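Student: Quick one, data24.cif (mmCIF, C-alpha atoms):
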```cif
data_model
#
loop_
_atom_site.label_atom_id
_atom_site.label_comp_id
_atom_site.auth_asym_id
_atom_site.auth_seq_id
_atom_site.Cartn_x
_atom_site.Cartn_y
_atom_site.Cartn_z
CA MET A 1 0.00 0.00 0.00
CA ILE A 2 1.33 3.44 -1.01
CA ASN A 3 0.49 6.33 1.33
CA ILE A 4 0.07 9.66 -0.42
CA LEU A 5 -0.24 13.21 0.95
CA VAL A 6 -1.66 15.88 -1.36
CA HIS A 7 -1.29 19.55 -0.51
CA ILE A 8 -3.83 21.82 -2.21
CA GLN A 9 -4.18 25.57 -1.88
CA SER A 10 -7.51 26.12 -3.59
CA THR A 11 -10.36 24.32 -5.34
CA GLY A 12 -8.50 24.91 -8.60
CA ASN A 13 -5.98 22.24 -7.52
CA ILE A 14 -8.51 19.43 -7.06
CA ILE A 15 -8.87 18.16 -10.63
CA GLY A 16 -5.17 18.39 -11.50
CA SER A 17 -3.96 16.77 -8.31
CA PHE A 18 -6.23 13.73 -8.43
CA SER A 19 -5.64 13.33 -12.17
CA ALA A 20 -1.91 13.11 -11.43
CA ILE A 21 -2.50 10.42 -8.81
CA LYS A 22 -4.71 8.33 -11.08
CA GLN A 23 -2.25 8.60 -13.96
CA LEU A 24 0.64 7.37 -11.83
CA HIS A 25 -1.38 4.73 -9.96
CA GLU A 26 -3.80 3.25 -12.45
CA LYS A 27 -4.02 -0.04 -10.53
CA GLY A 28 -4.83 1.61 -7.22
CA ASN A 29 -3.41 0.15 -4.00
CA ILE A 30 -3.11 3.65 -2.54
CA ASN A 31 -4.30 5.56 0.52
CA VAL A 32 -4.65 9.27 -0.14
CA THR A 33 -4.78 12.10 2.40
CA TYR A 34 -5.66 15.61 1.22
CA LEU A 35 -4.37 18.62 3.13
CA ILE A 36 -5.87 22.05 2.48
CA TYR A 37 -3.56 24.87 3.50
CA ASN A 38 -3.44 28.41 2.17
CA PRO A 39 -2.76 31.18 4.69
CA GLY A 40 -4.17 33.71 2.21
CA LEU A 41 -7.73 32.39 2.69
CA ASN A 42 -9.99 33.83 5.37
CA LYS A 43 -12.03 31.47 7.53
CA ASP A 44 -15.25 31.86 5.56
CA ILE A 45 -13.60 31.07 2.23
CA LEU A 46 -11.71 28.18 3.81
CA LYS A 47 -14.99 26.64 4.98
CA GLU A 48 -16.33 26.78 1.43
CA VAL A 49 -13.10 25.33 0.01
CA ILE A 50 -13.37 22.44 2.48
CA THR A 51 -16.99 21.82 1.46
CA VAL A 52 -16.14 21.84 -2.26
CA THR A 53 -13.21 19.49 -1.71
CA GLN A 54 -15.35 17.06 0.26
CA ASN A 55 -18.19 17.18 -2.27
CA LEU A 56 -15.91 16.46 -5.21
CA LEU A 57 -13.65 13.83 -3.67
CA HIS A 58 -15.98 11.73 -1.53
CA ILE A 59 -16.81 9.44 -4.46
CA PHE A 60 -13.23 8.17 -4.70
CA PRO A 61 -12.55 5.29 -2.27
CA GLU A 62 -8.79 5.86 -2.39
CA ILE A 63 -9.20 9.13 -0.49
CA LYS A 64 -9.24 8.27 3.19
CA GLN A 65 -8.92 11.67 4.87
CA ILE A 66 -9.27 15.40 4.13
CA HIS A 67 -7.44 17.63 6.61
CA TYR A 68 -7.08 21.39 6.68
CA LEU A 69 -5.09 24.06 8.46
CA THR A 70 -6.71 27.38 9.32
CA PRO A 71 -5.18 30.63 8.03
CA LYS A 72 -3.73 31.35 11.48
CA SER A 73 -2.28 27.86 11.94
CA ASN A 74 1.45 27.66 12.37
CA PRO A 75 2.34 24.58 10.28
CA LEU A 76 5.56 24.18 12.27
CA ASN A 77 3.62 23.63 15.50
CA ASP A 78 3.80 20.05 16.80
CA ASN A 79 0.08 19.88 17.45
CA VAL A 80 -0.65 21.03 13.91
CA ASN A 81 1.80 18.51 12.49
CA LYS A 82 -0.19 15.67 14.02
CA LEU A 83 -2.95 16.38 11.49
CA TYR A 84 -0.86 15.06 8.65
CA ILE A 85 2.17 13.21 10.02
CA ASN A 86 0.44 10.46 11.94
CA LYS A 87 1.96 8.09 9.40
CA GLN A 88 4.86 8.07 7.01
CA PHE A 89 3.95 9.18 3.50
CA ASP A 90 5.58 7.58 0.49
CA GLU A 91 4.61 10.32 -1.96
CA ILE A 92 3.89 14.03 -1.57
CA TYR A 93 1.91 15.87 -4.27
CA TYR A 94 1.85 19.66 -4.56
CA ALA A 95 1.14 22.45 -7.03
CA HIS A 96 4.48 24.30 -6.88
CA ASP A 97 7.23 25.27 -4.48
CA PHE A 98 7.39 28.84 -5.71
CA LEU A 99 8.09 30.93 -2.60
CA THR A 100 6.22 28.43 -0.42
CA SER A 101 7.86 27.96 2.95
CA PHE A 102 5.25 25.29 3.73
CA GLN A 103 6.63 23.13 0.95
CA ASN A 104 10.07 23.33 2.55
CA HIS A 105 8.42 22.21 5.79
CA LEU A 106 7.13 19.09 4.02
CA TYR A 107 10.60 18.42 2.60
CA ASP A 108 11.97 18.47 6.14
CA LEU A 109 9.24 16.25 7.57
CA PHE A 110 9.36 13.64 4.80
CA PRO A 111 12.93 13.58 3.44
CA ASN A 112 12.54 10.05 2.06
CA ALA A 113 9.28 10.61 0.21
CA ASN A 114 8.95 10.85 -3.56
CA TYR A 115 7.72 14.29 -4.62
CA VAL A 116 5.30 14.89 -7.48
CA CYS A 117 4.37 18.33 -8.79
CA TYR A 118 0.96 18.45 -10.51
CA GLY A 119 1.35 22.13 -11.41
CA ASP A 120 -0.88 25.16 -11.20
CA ALA A 121 -4.22 24.85 -12.98
CA LEU A 122 -3.85 21.74 -15.17
CA GLY A 123 -0.11 21.84 -15.55
CA ILE A 124 1.89 25.06 -15.28
CA ALA A 125 5.31 24.27 -13.79
CA TYR A 126 7.22 27.25 -12.37
CA GLU A 127 10.95 27.35 -11.87
CA LYS A 128 11.60 29.47 -8.79
CA LYS A 129 14.94 30.99 -9.81
CA PHE A 130 13.74 31.72 -13.34
CA TYR A 131 10.56 33.36 -12.18
CA MET A 132 12.22 35.45 -9.48
CA SER A 133 14.77 36.67 -12.00
CA PHE A 134 11.96 37.61 -14.36
CA LEU A 135 10.13 39.57 -11.67
CA LEU A 136 13.21 41.48 -10.60
CA LYS A 137 13.87 42.64 -14.16
CA LYS A 138 10.39 43.75 -15.09
CA ASP A 139 9.10 47.09 -13.81
CA ASN A 140 10.10 46.34 -10.21
CA LEU A 141 7.18 43.91 -10.07
CA LEU A 142 8.51 42.14 -6.99
CA VAL A 143 7.38 45.08 -4.89
CA LYS A 144 3.81 44.38 -6.01
CA PHE A 145 4.17 40.61 -5.91
CA LYS A 146 1.09 39.86 -3.82
CA LYS A 147 -1.06 41.59 -6.41
CA ILE A 148 0.62 39.74 -9.26
CA ALA A 149 0.16 36.47 -7.38
CA LEU A 150 -3.58 37.11 -7.27
CA LEU A 151 -3.65 37.81 -10.99
CA LEU A 152 -1.78 34.62 -11.81
CA LYS A 153 -3.79 32.53 -9.34
CA ILE A 154 -0.65 31.75 -7.34
CA PHE A 155 -1.42 31.36 -3.64
CA ILE A 156 1.75 31.80 -1.65
CA THR A 157 3.38 32.10 1.74
CA PHE A 158 6.27 34.51 1.77
CA HIS A 159 9.53 33.35 3.33
CA ASP A 160 10.78 35.03 6.46
CA ASN A 161 14.03 36.75 5.57
CA ASN A 162 15.86 34.69 8.18
CA GLU A 163 14.30 31.39 7.18
CA LYS A 164 16.70 28.77 5.88
CA GLU A 165 15.39 27.28 2.67
CA ALA A 166 15.35 23.49 2.59
CA ASP A 167 17.21 21.53 -0.02
CA SER A 168 14.73 20.51 -2.70
CA PRO A 169 14.39 16.77 -3.35
CA ILE A 170 14.15 15.20 -6.78
CA ILE A 171 10.82 16.19 -8.26
CA LYS A 172 8.72 14.33 -10.79
CA TYR A 173 6.04 16.16 -12.73
CA ALA A 174 2.61 14.79 -13.65
CA LEU A 175 0.85 17.43 -15.75
CA ALA A 176 -2.22 17.36 -17.98
CA ILE A 177 -1.27 20.43 -20.05
CA PRO A 178 2.50 20.72 -19.52
CA ILE A 179 3.72 24.30 -19.56
CA ASP A 180 7.34 24.84 -18.57
CA HIS A 181 7.84 28.30 -17.10
CA GLY A 182 11.58 27.97 -16.73
CA ASN A 183 13.79 24.98 -17.34
CA LEU A 184 12.15 22.16 -15.40
CA LEU A 185 10.64 19.54 -17.66
CA ASN A 186 12.36 16.80 -19.62
CA ALA A 187 11.61 13.30 -20.86
CA GLN A 188 12.97 11.73 -17.68
CA ASN A 189 10.95 13.66 -15.08
CA LEU A 190 7.68 14.37 -16.93
CA THR A 191 4.55 12.24 -17.10
CA VAL A 192 1.81 13.70 -19.29
CA ILE A 193 -1.64 12.88 -17.95
CA ASN A 194 -4.00 11.39 -20.51
CA LYS A 195 -6.92 13.65 -21.39
CA GLU A 196 -9.23 10.65 -20.95
CA THR A 197 -8.04 10.35 -17.34
CA VAL A 198 -8.91 14.00 -16.62
CA ILE A 199 -12.32 13.78 -18.29
CA ASN A 200 -13.13 10.53 -16.50
CA ILE A 201 -12.35 12.16 -13.15
CA ILE A 202 -14.48 15.20 -14.01
CA ASN A 203 -17.38 12.93 -14.95
CA LYS A 204 -17.08 10.98 -11.69
CA MET A 205 -16.96 14.19 -9.67
CA ASN A 206 -20.16 15.32 -11.37
CA LEU A 207 -21.71 11.92 -10.66
CA GLY A 208 -20.78 12.16 -6.99
CA PHE A 209 -21.99 15.76 -6.68
CA LYS A 210 -24.97 16.22 -9.00
CA ASP A 211 -25.90 19.72 -7.87
CA ILE A 212 -23.74 21.40 -10.52
CA ALA A 213 -25.23 19.35 -13.37
CA ASP A 214 -28.78 19.89 -12.08
CA TYR A 215 -28.22 23.62 -11.66
CA SER A 216 -26.56 23.94 -15.09
CA ASN A 217 -29.45 22.07 -16.69
CA HIS A 218 -31.91 24.41 -15.00
CA LEU A 219 -30.06 27.50 -16.23
CA VAL A 220 -29.89 26.24 -19.80
CA ASN A 221 -33.50 25.07 -20.00
CA THR A 222 -34.85 28.31 -18.56
CA TYR A 223 -33.77 30.10 -21.74
CA LYS A 224 -33.95 27.41 -24.43
CA ASP A 225 -34.41 29.70 -27.43
CA LYS A 226 -32.09 32.54 -26.43
CA PRO A 227 -28.44 33.00 -27.40
CA LYS A 228 -26.39 32.29 -24.30
CA TYR A 229 -23.04 33.62 -23.10
CA LEU A 230 -21.07 32.71 -20.01
CA ILE A 231 -18.59 35.31 -18.78
CA LEU A 232 -15.97 34.34 -16.22
CA THR A 233 -15.03 37.41 -14.23
CA GLU A 234 -11.67 38.09 -12.59
CA ASN A 235 -10.60 39.88 -9.41
CA HIS A 236 -8.90 42.84 -11.06
CA ALA A 237 -10.26 45.40 -8.60
CA GLU A 238 -9.59 43.21 -5.54
CA GLY A 239 -5.92 43.22 -6.55
CA ASN A 240 -5.98 47.01 -7.01
CA PHE A 241 -5.05 46.63 -10.66
CA ILE A 242 -8.04 48.71 -11.67
CA ASP A 243 -10.74 50.80 -10.03
CA LEU A 244 -14.00 48.86 -9.58
CA ASP A 245 -16.04 51.41 -11.55
CA LYS A 246 -13.60 51.16 -14.44
CA GLU A 247 -13.68 47.37 -14.25
CA ILE A 248 -17.49 47.44 -14.51
CA GLU A 249 -17.11 49.72 -17.52
CA MET A 250 -14.58 47.29 -19.02
CA TYR A 251 -16.78 44.21 -18.61
CA SER A 252 -19.78 46.13 -19.93
CA TRP A 253 -17.77 47.06 -23.02
CA ILE A 254 -16.74 43.41 -23.50
CA ILE A 255 -20.33 42.16 -23.29
CA GLN A 256 -21.76 44.90 -25.47
CA ASN A 257 -19.13 44.26 -28.17
CA ASN A 258 -19.37 40.46 -28.17
CA CYS A 259 -23.01 39.65 -27.36
CA PRO A 260 -26.13 40.63 -29.32
CA LYS A 261 -28.81 42.50 -27.41
CA GLY A 262 -31.37 40.23 -25.83
CA SER A 263 -28.80 37.51 -25.12
CA VAL A 264 -28.68 35.67 -21.84
CA ILE A 265 -25.48 36.51 -19.97
CA TYR A 266 -24.49 34.11 -17.20
CA ILE A 267 -21.88 35.61 -14.89
CA LYS A 268 -19.65 33.26 -12.92
CA SER A 269 -17.48 34.93 -10.31
CA HIS A 270 -13.83 34.34 -9.66
CA PRO A 271 -13.59 31.96 -6.66
CA LEU A 272 -12.03 34.66 -4.46
CA GLU A 273 -14.37 37.51 -5.37
CA THR A 274 -15.18 39.93 -2.54
CA LEU A 275 -16.58 43.02 -4.31
CA PRO A 276 -20.18 43.48 -5.62
CA ARG A 277 -19.03 43.36 -9.24
CA ASN A 278 -21.79 41.12 -10.56
CA ASP A 279 -24.66 43.09 -9.04
CA LEU A 280 -23.22 46.28 -10.53
CA LEU A 281 -22.89 44.62 -13.93
CA LYS A 282 -26.47 43.38 -13.78
CA LYS A 283 -27.75 46.84 -12.88
CA ARG A 284 -25.82 48.39 -15.77
CA LEU A 285 -26.71 45.81 -18.45
CA ASN A 286 -30.18 44.63 -17.45
CA LYS A 287 -31.96 46.80 -20.02
CA ASP A 288 -30.24 45.21 -23.00
CA PHE A 289 -29.48 41.68 -21.76
CA ILE A 290 -30.91 38.97 -19.55
CA ILE A 291 -28.37 38.79 -16.74
CA GLU A 292 -28.17 35.63 -14.63
CA ILE A 293 -25.62 35.63 -11.82
CA ILE A 294 -24.43 32.13 -10.94
CA ASP A 295 -25.55 31.22 -7.42
CA PRO A 296 -22.68 32.21 -5.05
CA LYS A 297 -22.76 28.78 -3.40
CA PHE A 298 -21.40 27.33 -6.65
CA LYS A 299 -18.77 29.94 -7.48
CA ARG A 300 -15.85 28.01 -5.95
CA TYR A 301 -16.38 24.97 -8.15
CA PRO A 302 -13.93 24.82 -11.09
CA ILE A 303 -15.42 25.87 -14.41
CA GLU A 304 -14.17 22.62 -15.99
CA LEU A 305 -16.99 20.78 -14.14
CA TRP A 306 -19.80 22.82 -15.71
CA ILE A 307 -20.21 20.68 -18.82
CA ASP A 308 -23.83 21.52 -19.75
CA LEU A 309 -23.23 25.24 -19.41
CA ILE A 310 -19.97 25.03 -21.37
CA ASN A 311 -21.66 23.16 -24.21
CA SER A 312 -24.66 25.51 -24.32
CA CYS A 313 -22.90 28.88 -24.16
CA LYS A 314 -20.31 30.96 -25.89
CA ILE A 315 -17.75 31.63 -23.18
CA ILE A 316 -15.95 34.90 -22.53
CA CYS A 317 -12.82 34.71 -20.42
CA MET A 318 -9.49 36.48 -19.95
CA SER A 319 -7.62 33.76 -18.07
CA TYR A 320 -6.59 30.08 -18.00
CA PRO A 321 -9.95 28.47 -18.99
CA VAL A 322 -9.29 29.80 -22.49
CA LEU A 323 -6.77 26.95 -22.68
CA SER A 324 -8.31 24.29 -20.42
CA LEU A 325 -11.78 24.41 -22.02
CA LYS A 326 -10.29 24.12 -25.49
CA TYR A 327 -8.18 21.17 -24.34
CA LEU A 328 -11.02 19.33 -22.60
CA TYR A 329 -14.08 20.19 -24.69
CA ASN A 330 -12.77 21.84 -27.86
CA SER A 331 -14.55 24.99 -26.74
CA ASP A 332 -13.38 28.17 -28.49
CA VAL A 333 -13.47 30.84 -25.80
CA ILE A 334 -13.81 34.52 -26.63
CA GLN A 335 -10.67 36.11 -25.20
CA PRO A 336 -10.90 39.91 -25.58
CA MET A 337 -7.52 40.75 -24.07
CA ASP A 338 -4.56 41.79 -26.23
CA LYS A 339 -1.88 44.44 -25.84
CA LYS A 340 -4.17 47.19 -27.10
CA PHE A 341 -6.91 46.12 -24.69
CA ILE A 342 -4.45 46.05 -21.78
CA LYS A 343 -3.18 49.55 -22.57
CA THR A 344 -6.75 50.83 -22.85
CA TRP A 345 -8.03 49.56 -19.53
CA PHE A 346 -5.15 49.03 -17.12
CA PRO A 347 -2.64 51.45 -15.54
CA LYS A 348 0.79 51.49 -17.10
CA GLN A 349 2.55 49.96 -14.08
CA PHE A 350 0.51 46.76 -14.44
CA GLN A 351 0.48 46.36 -18.19
CA ARG A 352 3.59 44.19 -18.38
CA SER A 353 2.27 41.82 -15.69
CA TYR A 354 -0.97 41.38 -17.65
CA GLU A 355 0.95 40.67 -20.83
CA MET A 356 2.98 38.09 -18.92
CA ALA A 357 -0.16 36.42 -17.56
CA MET A 358 -1.81 36.39 -20.99
CA GLU A 359 1.27 34.70 -22.45
CA LEU A 360 0.85 31.72 -20.10
CA TYR A 361 -2.29 30.53 -21.86
CA MET A 362 -2.45 32.20 -25.28
CA LYS A 363 0.90 30.92 -26.53
CA PRO A 364 0.18 27.32 -25.42
CA LEU A 365 -3.28 27.65 -26.99
CA LYS A 366 -1.70 28.30 -30.41
CA ARG A 367 0.28 25.06 -30.11
CA LEU A 368 -2.55 22.90 -28.82
CA LYS A 369 -3.91 21.86 -32.23
CA HIS A 370 -0.63 20.22 -33.27
CA TRP A 371 0.48 18.97 -29.86
CA ASN A 372 1.18 15.24 -29.63
CA GLY A 373 -0.19 14.97 -26.09
CA LYS A 374 3.02 13.33 -24.88
CA SER A 375 5.51 16.16 -24.38
CA VAL A 376 5.80 19.74 -23.15
CA LEU A 377 3.14 21.86 -24.82
CA TRP A 378 4.98 25.17 -24.41
CA LYS A 379 8.18 26.37 -22.78
CA LYS A 380 8.88 29.94 -21.69
#
```
Can you give me the file's structure in the form of structure tokens?
Tutor:
Amino acid sequence: MINILVHIQSTGNIIGSFSAIKQLHEKGNINVTYLIYNPGLNKDILKEVITVTQNLLHIFPEIKQIHYLTPKSNPLNDNVNKLYINKQFDEIYYAHDFLTSFQNHLYDLFPNANYVCYGDALGIAYEKKFYMSFLLKKDNLLVKFKKIALLLKIFITFHDNNEKEADSPIIKYALAIPIDHGNLLNAQNLTVINKETVINIINKMNLGFKDIADYSNHLVNTYKDKPKYLILTENHAEGNFIDLDKEIEMYSWIIQNNCPKGSVIYIKSHPLETLPRNDLLKKRLNKDFIIEIIDPKFKRYPIELWIDLINSCKIICMSYPVLSLKYLYNSDVIQPMDKKFIKTWFPKQFQRSYEMAMELYMKPLKRLKHWNGKSVLWKK
């Protein structure tokens, strides 16, 4: 029996992490413990993340326990350690070790374990030294790193200046859409997850938690004869990249220029949304469109699970689902962002960081059609 510990930071890690496990352990014989830890989450969001994780993973018999640490937990505390070190783990799975002191803590606790990186989203692998070097050279972005981290969906714990960084063990990578942001991936350390494995896991999650499918079906059938659009909003204003009023103006412009009047516009929030963006959009656009805000209780579920809605709508998005939905469902997402768009809507000091973020999915997207599904899709 192989004992596995999986560290996740958000609900966006659930599909990729379990896909990696199933790819590497097709025959089973595993006991899996999930550990949710992200000090950037407040208690209310953490509760919802725990609920989503439980709802999506309970159908898999391999998963024996789901633990979590609260935002104020000190992971170095002995009492906290007992949550996840009551047995020796043979394998540790994690999204990335980019500036994560907690990952170094796991290295120290389990020096003999095999380490597997499943990447951000469905497979972005970050090289720490490469990425830090990039940040230091571009517009002094390191000073604003927490904001950039929010934009790129990187949830991090900053090192204490006096903290000694642990020696990194040998890492293997199991990635569905392998993107090498540095110089990490090669034929010896990379396993590419089969698309069928990812889709099978998504289908089982939907079988085990039918509320999303039922709710999606209700939304679609309510407006059978209307053109339908699904817009996935981002937390630009929460990160202080843009004023909220200007962000509302921006999204209004996107909808008005991509959707015919009278269309149904479903709005799905970013999982960490805190501002009343969707209500303001509805108030502004309600005269020309039918605006349906996705029930907040579902907003933390990954968009890749919403199959009926994906298949019934034209999707508008400025982030990673542009790539993942094309990969999984051959869905061509409307992506309005380009350099001109960025210069029009965002302050100059953030324009380079937006271009950098856009590069992480638009360049791989161009290669997807001719990708062999067995190697790195794109390398920075």
Student: Measuring between all atoms listed in the file, which one of A:Ile267, A:Met205, A:Leu280, A:Val322 shows the shortest distance to Asp295 (chain A)?
Tutor: A:Ile267
Student: Choose the residue, out of A:Ile8, A:Leu309, A:Ile334, A:Ile63, that has the smallest atom-to-atom separation from Asn221 (chain A); count all atoms listed in the file.
Tutor: A:Leu309
Student: For the point (-14.3, 15.0, 0.4) in the file's frame, write as a list in words all residues with an atom no more than 10 Å away, counting all atoms listed in the file.
Tutor: Tyr34, Ile50, Thr51, Val52, Thr53, Gln54, Asn55, Leu56, Leu57, His58, Ile59, Phe60, Ile63, Lys64, Gln65, Ile66 and His67 of chain A
Student: Can you write out the residues you just picked, keeping C-alpha atoms, as an mmCIF file, keeping the file's coordinate frame?
Tutor:
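Saved the output as out-v9.cif:
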```cif
data_model
loop_
_atom_site.group_PDB
_atom_site.id
_atom_site.type_symbol
_atom_site.label_atom_id
_atom_site.label_comp_id
_atom_site.auth_asym_id
_atom_site.auth_seq_id
_atom_site.Cartn_x
_atom_site.Cartn_y
_atom_site.Cartn_z
ATOM 1 C CA TYR A 34 -5.660 15.610 1.220
ATOM 2 C CA ILE A 50 -13.370 22.440 2.480
ATOM 3 C CA THR A 51 -16.990 21.820 1.460
ATOM 4 C CA VAL A 52 -16.140 21.840 -2.260
ATOM 5 C CA THR A 53 -13.210 19.490 -1.710
ATOM 6 C CA GLN A 54 -15.350 17.060 0.260
ATOM 7 C CA ASN A 55 -18.190 17.180 -2.270
ATOM 8 C CA LEU A 56 -15.910 16.460 -5.210
ATOM 9 C CA LEU A 57 -13.650 13.830 -3.670
ATOM 10 C CA HIS A 58 -15.980 11.730 -1.530
ATOM 11 C CA ILE A 59 -16.810 9.440 -4.460
ATOM 12 C CA PHE A 60 -13.230 8.170 -4.700
ATOM 13 C CA ILE A 63 -9.200 9.130 -0.490
ATOM 14 C CA LYS A 64 -9.240 8.270 3.190
ATOM 15 C CA GLN A 65 -8.920 11.670 4.870
ATOM 16 C CA ILE A 66 -9.270 15.400 4.130
ATOM 17 C CA HIS A 67 -7.440 17.630 6.610
#
```
Student: Nearest residue to Asp120 (chain A) out of A:Gln335, A:Asn189, A:Asn42, A:Ser324, using only C-alpha atoms?
Tutor: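 Closest candidate: A:Ser324.
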Student: Can you pull out the residues contacting Tyr229 (chain A)? Cut-off 8 Å, using all atoms listed in the file, and skip same-chain residues under 3 positions away; I want them as a list in words.
Tutor: Cys259, Ser263, Val264, Ile265, Tyr266, Cys313, Lys314, Ile315 and Ile316 of chain A
Student: So what do you get for CA of Met362 (chain A) versus CA of Leu323 (chain A), distance-wise?
Tutor: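 That distance, rounded to one decimal, is 7.3 Å.
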Student: What lies within 9 Å of Leu275 (chain A) using only C-alpha atoms, ignoring chain neighbours under 2 positions off, as a VMD selection string?
Tutor: chain A and resid 235 237 to 238 244 273 277 to 278
Student: Looking at all atoms listed in the file, which of A:Phe89, A:Met337, A:Trp306, A:Ser73 is the one that sits closest to Asp214 (chain A)?
Tutor: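 Among A:Phe89, A:Met337, A:Trp306, A:Ser73, it is A:Trp306 that comes nearest to Asp214 (chain A).
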Student: Quick check on the file I pasted: which residues fall under the PyMOL selection byres ((chain A and resi 115-117) around 8)? Write them as a list in words.
Tutor: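 For this structure, the PyMOL selection byres ((chain A and resi 115-117) around 8) resolves to Glu91, Ile92, Tyr93, Tyr94, Ala95, His96, Ala113, Asn114, Tyr118, Gly119, Ala125, Pro169, Ile170, Ile171, Lys172, Tyr173, Ala174 and Leu175 of chain A.
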Student: List as number ranges by chain the residues having at least one atom at most 7 Å from position (-2.6, 26.0, 2.6) as given in the file, counting only C-alpha atoms.
Tutor: A: 8-9, 36-39, 69
Student: Using C-alpha atoms, can you write the selected residues to a file as an mmCIF file, keeping the file's coordinate frame?
Tutor:
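Saved to selection-v5.cif:
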```cif
data_model
loop_
_atom_site.group_PDB
_atom_site.id
_atom_site.type_symbol
_atom_site.label_atom_id
_atom_site.label_comp_id
_atom_site.auth_asym_id
_atom_site.auth_seq_id
_atom_site.Cartn_x
_atom_site.Cartn_y
_atom_site.Cartn_z
ATOM 1 C CA ILE A 8 -3.830 21.820 -2.210
ATOM 2 C CA GLN A 9 -4.180 25.570 -1.880
ATOM 3 C CA ILE A 36 -5.870 22.050 2.480
ATOM 4 C CA TYR A 37 -3.560 24.870 3.500
ATOM 5 C CA ASN A 38 -3.440 28.410 2.170
ATOM 6 C CA PRO A 39 -2.760 31.180 4.690
ATOM 7 C CA LEU A 69 -5.090 24.060 8.460
#
```
Student: Any chance you could work out the residue set of the PyMOL selection byres ((chain A and resi 297) around 12) here, as a list of chain:residue names?
Tutor: A:Ile45, A:Lys47, A:Glu48, A:Val49, A:Thr51, A:Val52, A:Asp211, A:Ile212, A:Tyr215, A:Lys268, A:Ser269, A:Pro271, A:Ile293, A:Ile294, A:Asp295, A:Pro296, A:Phe298, A:Lys299, A:Arg300, A:Tyr301
Student: What does the PyMOL selection byres ((chain A and resi 288) around 12) select in this file, as a PyMOL selection string?
Tutor: chain A and resi 252+255-256+259-265+281-287+289-291
Student: Neighbours of region 200-202 of chain A within 8 Å (only C-alpha atoms; same-chain residues fewer than 6 positions away dropped), as a compact mmCIF listing (two decimals) with C-alpha atoms, keeping the file's coordinate frame?
Tutor:
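Below is the file that was written, selection_28.txt:
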```
# COMPACT_ATOMS: atom_id res chain seq x y z
CA ILE A 15 -8.87 18.16 -10.63
CA PHE A 18 -6.23 13.73 -8.43
CA SER A 19 -5.64 13.33 -12.17
CA GLU A 304 -14.17 22.62 -15.99
CA LEU A 305 -16.99 20.78 -14.14
```
Student: Counting only C-alpha atoms, which of A:Ile303, A:Leu272, A:Leu325, A:Met318 gets nearest to Ile177 (chain A)?
Tutor: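 Once distances to Ile177 (chain A) are computed over only C-alpha atoms, the minimum belongs to A:Leu325.
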Student: Excluding Lys374 (chain A) and residues on its chain fewer than 6 positions from it, collect all residues at most 9 Å away from it, counting all atoms listed in the file, and give them as an MDAnalysis selection string.
Tutor: chainID A and resid 191:194
Student: Using Å and a single decimal, report how far CA of Glu247 (chain A) sits from CA of Pro347 (chain A).
Tutor: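 Separating CA of Pro347 (chain A) from CA of Glu247 (chain A) is a distance of 11.8 Å.
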Student: Considering all atoms listed in the file, state which residue in the set A:Leu24, A:Leu122, A:Leu360, A:Met250 is at the smallest distance from Gly12 (chain A).
Tutor: A:Leu122
Student: Suppose you want the space between CA of Pro364 (chain A) and CA of Ile179 (chain A); what is it in Å?
Tutor: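 Calculated distance between CA of Pro364 (chain A) and CA of Ile179 (chain A) is 7.5 Å.
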Student: Would you mind putting N, CA and C atoms back on region 310-319 of chain A and writing the result as a compact mmCIF listing (two decimals), in the coordinates of the input?
Tutor:
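Here's the written file result-v4.txt:
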```
# COMPACT_ATOMS: atom_id res chain seq x y z
N ILE A 310 -21.05 24.84 -20.39
CA ILE A 310 -19.97 25.03 -21.37
C ILE A 310 -20.46 24.71 -22.78
N ASN A 311 -21.19 23.60 -22.89
CA ASN A 311 -21.66 23.16 -24.21
C ASN A 311 -22.81 23.99 -24.76
N SER A 312 -23.47 24.75 -23.89
CA SER A 312 -24.66 25.51 -24.32
C SER A 312 -24.38 26.99 -24.52
N CYS A 313 -23.20 27.45 -24.13
CA CYS A 313 -22.90 28.88 -24.16
C CYS A 313 -21.65 29.18 -24.97
N LYS A 314 -21.58 30.40 -25.47
CA LYS A 314 -20.31 30.96 -25.89
C LYS A 314 -19.67 31.56 -24.64
N ILE A 315 -18.41 31.25 -24.43
CA ILE A 315 -17.75 31.63 -23.18
C ILE A 315 -16.81 32.79 -23.42
N ILE A 316 -16.84 33.74 -22.50
CA ILE A 316 -15.95 34.90 -22.53
C ILE A 316 -15.05 34.82 -21.30
N CYS A 317 -13.75 34.88 -21.53
CA CYS A 317 -12.82 34.71 -20.42
C CYS A 317 -11.48 35.32 -20.77
N MET A 318 -10.80 35.86 -19.75
CA MET A 318 -9.49 36.48 -19.95
C MET A 318 -8.39 35.74 -19.21
N SER A 319 -8.62 34.47 -18.85
CA SER A 319 -7.62 33.76 -18.07
C SER A 319 -7.52 32.30 -18.52
```
